[in-house]
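The next block holds one structure in the form of structure tokens; read it before the comments.
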Amino acid sequence: PTFLEFFYSILLVFKPQYVHLCIIYMNIGIICYPTFGGSGVVATELGKALAAQNHNIHFISYDQPVRLDAFTENLFYHEVSFNNYPLFKYAPYEIALTSKIVDIVKVHKIEVLHVHYAIPHAAAAATAKHILAREGIKIKIVTTLHGTDITLVGKDKSYEPVVTYSLQESDVVTAVSESLKKDTYSFFNYTGEIHVVPNFIDFQRFNKQPKDHFKKGIAPNGEKILVHTSNFRKVKRVPDVLEIYRRVAAKIPAKLLLIGDGPERASIEAECRNCDICKDVIFLGKQEAVEEILSIADLFLIPSETESFGLAALEAMACEVPVISTNTGGLPEVNIDGLTGYTSNIGDVDKMAADALTILKDENLTQFKAQAKKHSLKYKLKNILPLYQALY
């Protein structure tokens with residue numbers, strides 16, 4: 001074992017792409033939200049990649065993950081079903097999830113549970129771990145923190161004991177950025193090691209596609225195209241997106257494409273109806289093929305109050321779109337100021353608009369697009385997968 005550990009550590013440092021060659025194939029359970037959110041997408045793509053490396057992967061969730069669109073002989077999905085009993089005001093999902101974890105671990109000899117999000121997934125996994133231990137079954141837990149499970153829950157002290165307990169009961173804790181790692185130590189009484197393993201994207205999907213006919217339809221006179229995509233919550237600061245666009249459009253011909261939906265959309269639409277310059281703001285709603293829209297974009301706007309990583313910005317960069325963002329959370333780790341775009345303080349729309357105009361100058365735009373693409377390639381799955389395998 002000592003020699004093997006030494007050999008493995010050398011391989012991990014110098015040739016991480018070959019790590020999978022000396023890993024024993026494992027039975028791994030992945031617990032995640034099945035929705036379009038970043039954590040669910042990352043968890044699903046990770047599981048599919050692990051299955052391609054011949055690990056047996058078992059997804060456990062209340063619905064089939066949206067990105068789990070194909071199955072192989074070693075990729076499985078187990079639905080957590082639960083009933084609404086009259087006794088309960090809310091359905092006891094955590095209890096149903098815990099019971100399902102116990103069952104799947106026993107039946108499929110799961111060795112590692114990789115849970116995405118502290119609440120309720122890590123809490124349920126920790127309870128399942130203790131139930132299984134009473135029956136002589138050992139299970140290891142890897143907990144990946146994605147953002148709002150720490151930054152939002154962290155502000156609600158009523159959840160603090162559960163989150164801290166879940167972290168302490170995990171065998172490995174990872175965070176998607178250095179910023180989130182620092183927030184976790186700040187908000188919770190946890191002193192264990194937190195490994196930073198960044199998110200990744202599928203470069204087969206997210207790359208610049210030839211969509212000239214589409215671009216011509218949106219911007220027939222060669223207008224610059226600005227794009228924002230989000231769930232239109234207050235934290236995304238969509239009014240700032242509109243204000244940046246107004247200032248850009250006052251100087252150069254430009255269009256703004258808004259992708260997504262949420263509580264702030266109605267007020268933004270109402271404001272646009274009364275704004276002369278905003279006749280060129282187009283609301284596209286929820287879109288599955290975001291990469292096709294990013295392929296015609298010149299600039300991506302993400303002035304969020306907080307982003308633990310900034311997956312939307314990375315997807316834009318992979319499609320050769322430079323980024324204007326705030327300098328909060330994990331965004332400066334993804335969007336490198338002056339290289340892939342520019343970062344600014346929260347709410348500083350003056351600087352953001354000025355930086356946008358700098359990027360959009362014809363003599364600058366090509367270089368920024370190339371730099372954004374080059375930096376995004378660091379987040380290829382082949383670079384991130386060995387980091388998780390090493391932790392397993």
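By convention here, the chains of the structure tokens are called A, B, ... in the order presented, each chain's residues are numbered starting at 1, and ligands are numbered starting at 1 in the order presented.
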
(message) Applying 12 Å and only C-alpha atoms, which residues near Tyr185 of chain A remain after dropping the ones on its own chain fewer than 2 positions away? List them as number ranges by chain.
(response) A: 150-151, 154, 163-164, 167, 173, 175, 178-183, 187-194

Export, as a tab-separated table (two decimals), in the first residue's frame, the selected residues with N, CA and C atoms.
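Just written: out-v2.tsv:
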```tsv
chain	number	residue	atom	x	y	z
A	150	ILE	N	-24.62	27.53	1.36
A	150	ILE	CA	-23.76	28.15	2.36
A	150	ILE	C	-24.08	29.63	2.51
A	151	THR	N	-24.10	30.37	1.39
A	151	THR	CA	-24.24	31.83	1.47
A	151	THR	C	-25.62	32.27	1.93
A	154	GLY	N	-26.35	30.19	5.31
A	154	GLY	CA	-25.43	30.68	6.33
A	154	GLY	C	-25.94	31.92	7.04
A	163	VAL	N	-26.15	22.25	9.25
A	163	VAL	CA	-25.11	22.34	8.23
A	163	VAL	C	-23.75	21.97	8.82
A	164	THR	N	-23.45	22.50	9.99
A	164	THR	CA	-22.17	22.18	10.64
A	164	THR	C	-22.06	20.69	10.89
A	167	LEU	N	-21.35	18.83	7.64
A	167	LEU	CA	-19.96	18.98	7.20
A	167	LEU	C	-19.04	18.10	8.05
A	173	VAL	N	-14.97	17.24	2.14
A	173	VAL	CA	-15.79	18.39	1.78
A	173	VAL	C	-15.09	19.14	0.66
A	175	ALA	N	-15.53	22.54	-2.24
A	175	ALA	CA	-16.24	23.77	-2.61
A	175	ALA	C	-15.84	24.13	-4.03
A	178	GLU	N	-12.54	29.24	-4.25
A	178	GLU	CA	-11.84	29.68	-3.05
A	178	GLU	C	-12.74	30.59	-2.22
A	179	SER	N	-13.53	31.39	-2.90
A	179	SER	CA	-14.43	32.31	-2.21
A	179	SER	C	-15.45	31.55	-1.36
A	180	LEU	N	-16.03	30.49	-1.93
A	180	LEU	CA	-17.01	29.70	-1.18
A	180	LEU	C	-16.36	28.97	-0.01
A	181	LYS	N	-15.13	28.54	-0.21
A	181	LYS	CA	-14.38	27.90	0.88
A	181	LYS	C	-14.24	28.87	2.06
A	182	LYS	N	-13.87	30.11	1.77
A	182	LYS	CA	-13.71	31.11	2.83
A	182	LYS	C	-15.05	31.41	3.50
A	183	ASP	N	-16.12	31.50	2.72
A	183	ASP	CA	-17.45	31.75	3.28
A	183	ASP	C	-17.87	30.63	4.23
A	187	PHE	N	-18.98	31.26	8.03
A	187	PHE	CA	-20.35	31.10	8.49
A	187	PHE	C	-20.54	29.95	9.47
A	188	PHE	N	-19.69	28.92	9.38
A	188	PHE	CA	-19.95	27.70	10.14
A	188	PHE	C	-18.76	27.29	11.00
A	189	ASN	N	-19.07	26.61	12.07
A	189	ASN	CA	-18.06	26.15	13.01
A	189	ASN	C	-17.45	24.84	12.50
A	190	TYR	N	-16.78	24.93	11.36
A	190	TYR	CA	-16.17	23.74	10.74
A	190	TYR	C	-14.69	24.01	10.56
A	191	THR	N	-13.87	23.09	11.05
A	191	THR	CA	-12.41	23.28	11.01
A	191	THR	C	-11.70	22.27	10.13
A	192	GLY	N	-12.45	21.35	9.52
A	192	GLY	CA	-11.83	20.35	8.66
A	192	GLY	C	-11.36	20.96	7.34
A	193	GLU	N	-10.67	20.15	6.56
A	193	GLU	CA	-10.14	20.62	5.28
A	193	GLU	C	-11.27	20.73	4.25
A	194	ILE	N	-11.22	21.78	3.45
A	194	ILE	CA	-12.14	21.94	2.32
A	194	ILE	C	-11.31	21.99	1.05
```

Would you write out, as CSV, a table of all residues in segment 193-242 of chain A that have an atom no more than 12 Å from an atom of segment 47-54 of chain A, listing for each the closest atom pair and the distance in Å to one decimal, considering only C-alpha atoms and ordering rows by chain and rising residue number?
```
residue,atom,partner,partner_atom,distance
A:Phe200,CA,A:Ala49,CA,11.6
A:Ile201,CA,A:Ala49,CA,11.7
A:Asp202,CA,A:Ala49,CA,10.5
```

Output all heavy atoms of each residue in that selection to a file, as a short mmCIF file (atom, residue, chain, number, x, y, z; two decimals), in the first residue's frame.
```
data_model
loop_
_atom_site.label_atom_id
_atom_site.label_comp_id
_atom_site.auth_asym_id
_atom_site.auth_seq_id
_atom_site.Cartn_x
_atom_site.Cartn_y
_atom_site.Cartn_z
N PHE A 200 -17.07 22.61 -14.05
CA PHE A 200 -16.58 22.36 -15.40
C PHE A 200 -17.77 22.46 -16.34
O PHE A 200 -18.92 22.51 -15.90
CB PHE A 200 -15.96 20.96 -15.50
CG PHE A 200 -16.90 19.87 -15.08
CD1 PHE A 200 -17.78 19.30 -15.98
CD2 PHE A 200 -16.93 19.42 -13.76
CE1 PHE A 200 -18.68 18.32 -15.58
CE2 PHE A 200 -17.82 18.44 -13.35
CZ PHE A 200 -18.69 17.89 -14.26
N ILE A 201 -17.50 22.50 -17.63
CA ILE A 201 -18.59 22.52 -18.61
C ILE A 201 -18.29 21.55 -19.74
O ILE A 201 -17.15 21.13 -19.94
CB ILE A 201 -18.85 23.93 -19.18
CG1 ILE A 201 -17.58 24.53 -19.75
CG2 ILE A 201 -19.45 24.83 -18.14
CD1 ILE A 201 -17.82 25.86 -20.43
N ASP A 202 -19.32 21.24 -20.48
CA ASP A 202 -19.22 20.34 -21.62
C ASP A 202 -18.85 21.17 -22.85
O ASP A 202 -19.68 21.88 -23.41
CB ASP A 202 -20.57 19.63 -21.82
CG ASP A 202 -20.57 18.70 -23.03
OD1 ASP A 202 -19.52 18.55 -23.68
OD2 ASP A 202 -21.64 18.13 -23.32
#
```

Contacts of segment 28-35 of chain A within 7 Å, only C-alpha atoms, excl. fewer than 3 positions in-chain, as an mmCIF file with all heavy atoms, in the first residue's frame:
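Final output, selection14.cif:
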```
data_model
loop_
_atom_site.group_PDB
_atom_site.id
_atom_site.type_symbol
_atom_site.label_atom_id
_atom_site.label_comp_id
_atom_site.auth_asym_id
_atom_site.auth_seq_id
_atom_site.Cartn_x
_atom_site.Cartn_y
_atom_site.Cartn_z
ATOM 1 N N GLY A 40 -27.102 20.748 -10.113
ATOM 2 C CA GLY A 40 -27.674 19.533 -10.700
ATOM 3 C C GLY A 40 -27.019 19.173 -12.017
ATOM 4 O O GLY A 40 -26.763 17.999 -12.307
ATOM 5 N N ALA A 43 -23.435 17.878 -11.233
ATOM 6 C CA ALA A 43 -23.503 16.541 -10.644
ATOM 7 C C ALA A 43 -23.824 15.486 -11.692
ATOM 8 O O ALA A 43 -23.224 14.398 -11.705
ATOM 9 C CB ALA A 43 -24.563 16.517 -9.533
ATOM 10 N N ASN A 56 -19.569 2.309 -11.383
ATOM 11 C CA ASN A 56 -21.014 2.110 -11.337
ATOM 12 C C ASN A 56 -21.638 3.310 -10.621
ATOM 13 O O ASN A 56 -21.335 3.559 -9.450
ATOM 14 C CB ASN A 56 -21.364 0.820 -10.595
ATOM 15 C CG ASN A 56 -20.883 -0.396 -11.350
ATOM 16 O OD1 ASN A 56 -21.061 -0.495 -12.562
ATOM 17 N ND2 ASN A 56 -20.243 -1.325 -10.643
ATOM 18 N N ILE A 57 -22.480 4.056 -11.331
ATOM 19 C CA ILE A 57 -23.012 5.319 -10.810
ATOM 20 C C ILE A 57 -24.514 5.193 -10.585
ATOM 21 O O ILE A 57 -25.266 4.811 -11.482
ATOM 22 C CB ILE A 57 -22.724 6.479 -11.784
ATOM 23 C CG1 ILE A 57 -21.230 6.571 -12.072
ATOM 24 C CG2 ILE A 57 -23.266 7.790 -11.228
ATOM 25 C CD1 ILE A 57 -20.365 6.807 -10.841
ATOM 26 N N HIS A 58 -24.931 5.565 -9.369
ATOM 27 C CA HIS A 58 -26.345 5.478 -8.990
ATOM 28 C C HIS A 58 -26.830 6.874 -8.577
ATOM 29 O O HIS A 58 -26.410 7.401 -7.541
ATOM 30 C CB HIS A 58 -26.530 4.492 -7.831
ATOM 31 C CG HIS A 58 -26.162 3.093 -8.173
ATOM 32 N ND1 HIS A 58 -27.098 2.149 -8.541
ATOM 33 C CD2 HIS A 58 -24.950 2.470 -8.229
ATOM 34 C CE1 HIS A 58 -26.485 1.002 -8.792
ATOM 35 N NE2 HIS A 58 -25.186 1.177 -8.621
ATOM 36 N N PHE A 59 -27.688 7.491 -9.396
ATOM 37 C CA PHE A 59 -28.283 8.781 -9.060
ATOM 38 C C PHE A 59 -29.494 8.555 -8.157
ATOM 39 O O PHE A 59 -30.332 7.695 -8.434
ATOM 40 C CB PHE A 59 -28.728 9.521 -10.323
ATOM 41 C CG PHE A 59 -27.595 10.133 -11.096
ATOM 42 C CD1 PHE A 59 -27.024 9.450 -12.156
ATOM 43 C CD2 PHE A 59 -27.097 11.379 -10.756
ATOM 44 C CE1 PHE A 59 -25.980 10.008 -12.872
ATOM 45 C CE2 PHE A 59 -26.051 11.943 -11.466
ATOM 46 C CZ PHE A 59 -25.486 11.265 -12.527
ATOM 47 N N ILE A 60 -29.582 9.357 -7.106
ATOM 48 C CA ILE A 60 -30.705 9.278 -6.173
ATOM 49 C C ILE A 60 -31.318 10.671 -6.061
ATOM 50 O O ILE A 60 -30.658 11.615 -5.624
ATOM 51 C CB ILE A 60 -30.243 8.789 -4.780
ATOM 52 C CG1 ILE A 60 -29.491 7.455 -4.896
ATOM 53 C CG2 ILE A 60 -31.430 8.660 -3.844
ATOM 54 C CD1 ILE A 60 -28.830 7.005 -3.600
ATOM 55 N N SER A 61 -32.575 10.824 -6.489
ATOM 56 C CA SER A 61 -33.233 12.128 -6.446
ATOM 57 C C SER A 61 -34.743 11.935 -6.580
ATOM 58 O O SER A 61 -35.214 10.829 -6.850
ATOM 59 C CB SER A 61 -32.709 13.032 -7.568
ATOM 60 O OG SER A 61 -33.223 14.335 -7.428
ATOM 61 N N ASP A 63 -36.580 13.206 -8.864
ATOM 62 C CA ASP A 63 -36.954 13.169 -10.267
ATOM 63 C C ASP A 63 -35.700 12.878 -11.082
ATOM 64 O O ASP A 63 -34.580 13.088 -10.603
ATOM 65 C CB ASP A 63 -37.571 14.500 -10.704
ATOM 66 C CG ASP A 63 -38.487 14.364 -11.921
ATOM 67 O OD1 ASP A 63 -38.546 13.249 -12.482
ATOM 68 O OD2 ASP A 63 -39.132 15.356 -12.289
ATOM 69 N N GLN A 64 -35.867 12.424 -12.299
ATOM 70 C CA GLN A 64 -34.707 12.137 -13.139
ATOM 71 C C GLN A 64 -34.006 13.446 -13.503
ATOM 72 O O GLN A 64 -34.643 14.370 -14.008
ATOM 73 C CB GLN A 64 -35.131 11.411 -14.424
ATOM 74 C CG GLN A 64 -33.950 11.023 -15.307
ATOM 75 C CD GLN A 64 -34.374 10.148 -16.478
ATOM 76 O OE1 GLN A 64 -35.180 9.237 -16.308
ATOM 77 N NE2 GLN A 64 -33.845 10.431 -17.649
ATOM 78 N N PRO A 65 -32.701 13.556 -13.249
ATOM 79 C CA PRO A 65 -31.979 14.791 -13.595
ATOM 80 C C PRO A 65 -32.142 15.140 -15.066
ATOM 81 O O PRO A 65 -32.120 14.261 -15.934
ATOM 82 C CB PRO A 65 -30.519 14.438 -13.256
ATOM 83 C CG PRO A 65 -30.625 13.394 -12.187
ATOM 84 C CD PRO A 65 -31.838 12.586 -12.548
ATOM 85 N N VAL A 66 -32.296 16.445 -15.341
ATOM 86 C CA VAL A 66 -32.605 16.875 -16.706
ATOM 87 C C VAL A 66 -31.493 16.528 -17.695
ATOM 88 O O VAL A 66 -31.752 16.312 -18.879
ATOM 89 C CB VAL A 66 -32.888 18.393 -16.764
ATOM 90 C CG1 VAL A 66 -34.168 18.722 -16.050
ATOM 91 C CG2 VAL A 66 -31.720 19.188 -16.181
ATOM 92 N N ILE A 110 -22.959 0.342 -2.369
ATOM 93 C CA ILE A 110 -22.369 1.662 -2.598
ATOM 94 C C ILE A 110 -21.216 1.883 -1.620
ATOM 95 O O ILE A 110 -21.333 1.614 -0.423
ATOM 96 C CB ILE A 110 -23.424 2.782 -2.429
ATOM 97 C CG1 ILE A 110 -24.610 2.564 -3.378
ATOM 98 C CG2 ILE A 110 -22.797 4.160 -2.633
ATOM 99 C CD1 ILE A 110 -24.270 2.671 -4.838
ATOM 100 N N GLU A 111 -20.091 2.399 -2.137
ATOM 101 C CA GLU A 111 -18.915 2.652 -1.284
ATOM 102 C C GLU A 111 -18.759 4.128 -0.941
ATOM 103 O O GLU A 111 -18.292 4.483 0.136
ATOM 104 C CB GLU A 111 -17.657 2.166 -2.002
ATOM 105 C CG GLU A 111 -17.675 0.661 -2.273
ATOM 106 C CD GLU A 111 -16.788 0.287 -3.445
ATOM 107 O OE1 GLU A 111 -17.171 0.523 -4.600
ATOM 108 O OE2 GLU A 111 -15.685 -0.244 -3.185
ATOM 109 N N VAL A 112 -19.116 4.997 -1.896
ATOM 110 C CA VAL A 112 -18.991 6.442 -1.690
ATOM 111 C C VAL A 112 -20.301 7.115 -2.091
ATOM 112 O O VAL A 112 -20.852 6.828 -3.152
ATOM 113 C CB VAL A 112 -17.839 7.036 -2.534
ATOM 114 C CG1 VAL A 112 -17.848 8.569 -2.464
ATOM 115 C CG2 VAL A 112 -16.494 6.516 -2.061
ATOM 116 N N LEU A 113 -20.778 8.010 -1.239
ATOM 117 C CA LEU A 113 -21.920 8.862 -1.567
ATOM 118 C C LEU A 113 -21.384 10.256 -1.870
ATOM 119 O O LEU A 113 -20.713 10.863 -1.028
ATOM 120 C CB LEU A 113 -22.890 8.952 -0.392
ATOM 121 C CG LEU A 113 -23.811 7.766 -0.128
ATOM 122 C CD1 LEU A 113 -24.547 7.990 1.196
ATOM 123 C CD2 LEU A 113 -24.818 7.579 -1.251
ATOM 124 N N HIS A 114 -21.646 10.752 -3.065
ATOM 125 C CA HIS A 114 -21.245 12.124 -3.406
ATOM 126 C C HIS A 114 -22.504 12.968 -3.410
ATOM 127 O O HIS A 114 -23.341 12.845 -4.295
ATOM 128 C CB HIS A 114 -20.560 12.169 -4.766
ATOM 129 C CG HIS A 114 -19.912 13.487 -5.040
ATOM 130 N ND1 HIS A 114 -19.023 13.682 -6.068
ATOM 131 C CD2 HIS A 114 -20.020 14.696 -4.413
ATOM 132 C CE1 HIS A 114 -18.614 14.941 -6.055
ATOM 133 N NE2 HIS A 114 -19.214 15.574 -5.068
ATOM 134 N N VAL A 115 -22.637 13.833 -2.391
ATOM 135 C CA VAL A 115 -23.844 14.636 -2.239
ATOM 136 C C VAL A 115 -23.558 16.079 -2.628
ATOM 137 O O VAL A 115 -22.534 16.645 -2.257
ATOM 138 C CB VAL A 115 -24.416 14.561 -0.804
ATOM 139 C CG1 VAL A 115 -24.818 13.148 -0.475
ATOM 140 C CG2 VAL A 115 -23.419 15.069 0.222
ATOM 141 N N HIS A 116 -24.456 16.649 -3.405
ATOM 142 C CA HIS A 116 -24.324 18.023 -3.872
ATOM 143 C C HIS A 116 -25.369 18.866 -3.155
ATOM 144 O O HIS A 116 -26.564 18.647 -3.318
ATOM 145 C CB HIS A 116 -24.508 18.085 -5.390
ATOM 146 C CG HIS A 116 -23.449 17.341 -6.135
ATOM 147 N ND1 HIS A 116 -22.379 17.964 -6.743
ATOM 148 C CD2 HIS A 116 -23.270 16.008 -6.342
ATOM 149 C CE1 HIS A 116 -21.594 17.052 -7.305
ATOM 150 N NE2 HIS A 116 -22.124 15.857 -7.075
ATOM 151 N N HIS A 121 -29.313 17.283 1.337
ATOM 152 C CA HIS A 121 -28.642 16.063 0.885
ATOM 153 C C HIS A 121 -27.563 15.559 1.845
ATOM 154 O O HIS A 121 -27.514 14.376 2.172
ATOM 155 C CB HIS A 121 -28.077 16.291 -0.515
ATOM 156 C CG HIS A 121 -29.112 16.659 -1.522
ATOM 157 N ND1 HIS A 121 -28.878 17.473 -2.605
ATOM 158 C CD2 HIS A 121 -30.436 16.344 -1.593
ATOM 159 C CE1 HIS A 121 -29.985 17.636 -3.306
ATOM 160 N NE2 HIS A 121 -30.943 16.963 -2.706
#
```

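Of the residues under consideration (A:Ile282, A:Ile218, A:Val349, A:Ala372), A:Ala372 shows the shortest atom-to-atom contact distance to Glu315 of chain A when counting only C-alpha atoms.
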
(request) Can you work out which one of A:Pro322, A:Ala96, A:Tyr342, A:Gly262 has the shortest atom-to-atom distance to Lys236 of chain A, counting only C-alpha atoms? (result)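 Closest to Lys236 of chain A of all the choices is A:Gly262.
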
(message) So, with only C-alpha atoms as the atoms that count, which of A:Leu242, A:Leu387, A:Ala124, A:Ala356 lies closest to Ser166 of chain A?
(response) A:Ala124

Going by DSSP on the backbone, which bits of segment 310-353 of chain A are strand (DSSP E)? Write them as a PDB file with C-alpha atoms, in the first residue's frame, please.
```
ATOM      1  CA  VAL A 323     -17.752  39.024 -19.633  1.00  0.00           C
ATOM      2  CA  ILE A 324     -18.657  42.098 -17.604  1.00  0.00           C
ATOM      3  CA  SER A 325     -19.182  40.996 -13.994  1.00  0.00           C
ATOM      4  CA  THR A 326     -18.961  42.080 -10.393  1.00  0.00           C
ATOM      5  CA  GLY A 341     -13.497  40.840 -19.554  1.00  0.00           C
ATOM      6  CA  TYR A 342     -13.702  43.243 -16.617  1.00  0.00           C
ATOM      7  CA  THR A 343     -14.871  43.092 -12.994  1.00  0.00           C
ATOM      8  CA  SER A 344     -16.355  45.919 -10.912  1.00  0.00           C
TER       9      SER A 344
END
```

(request) Grab the atom CA of Pro220 of chain A to atom CA of Val248 of chain A distance for me, in Å with one decimal place. (result)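 Value for the atom CA of Pro220 of chain A-atom CA of Val248 of chain A distance: 18.1 Å.
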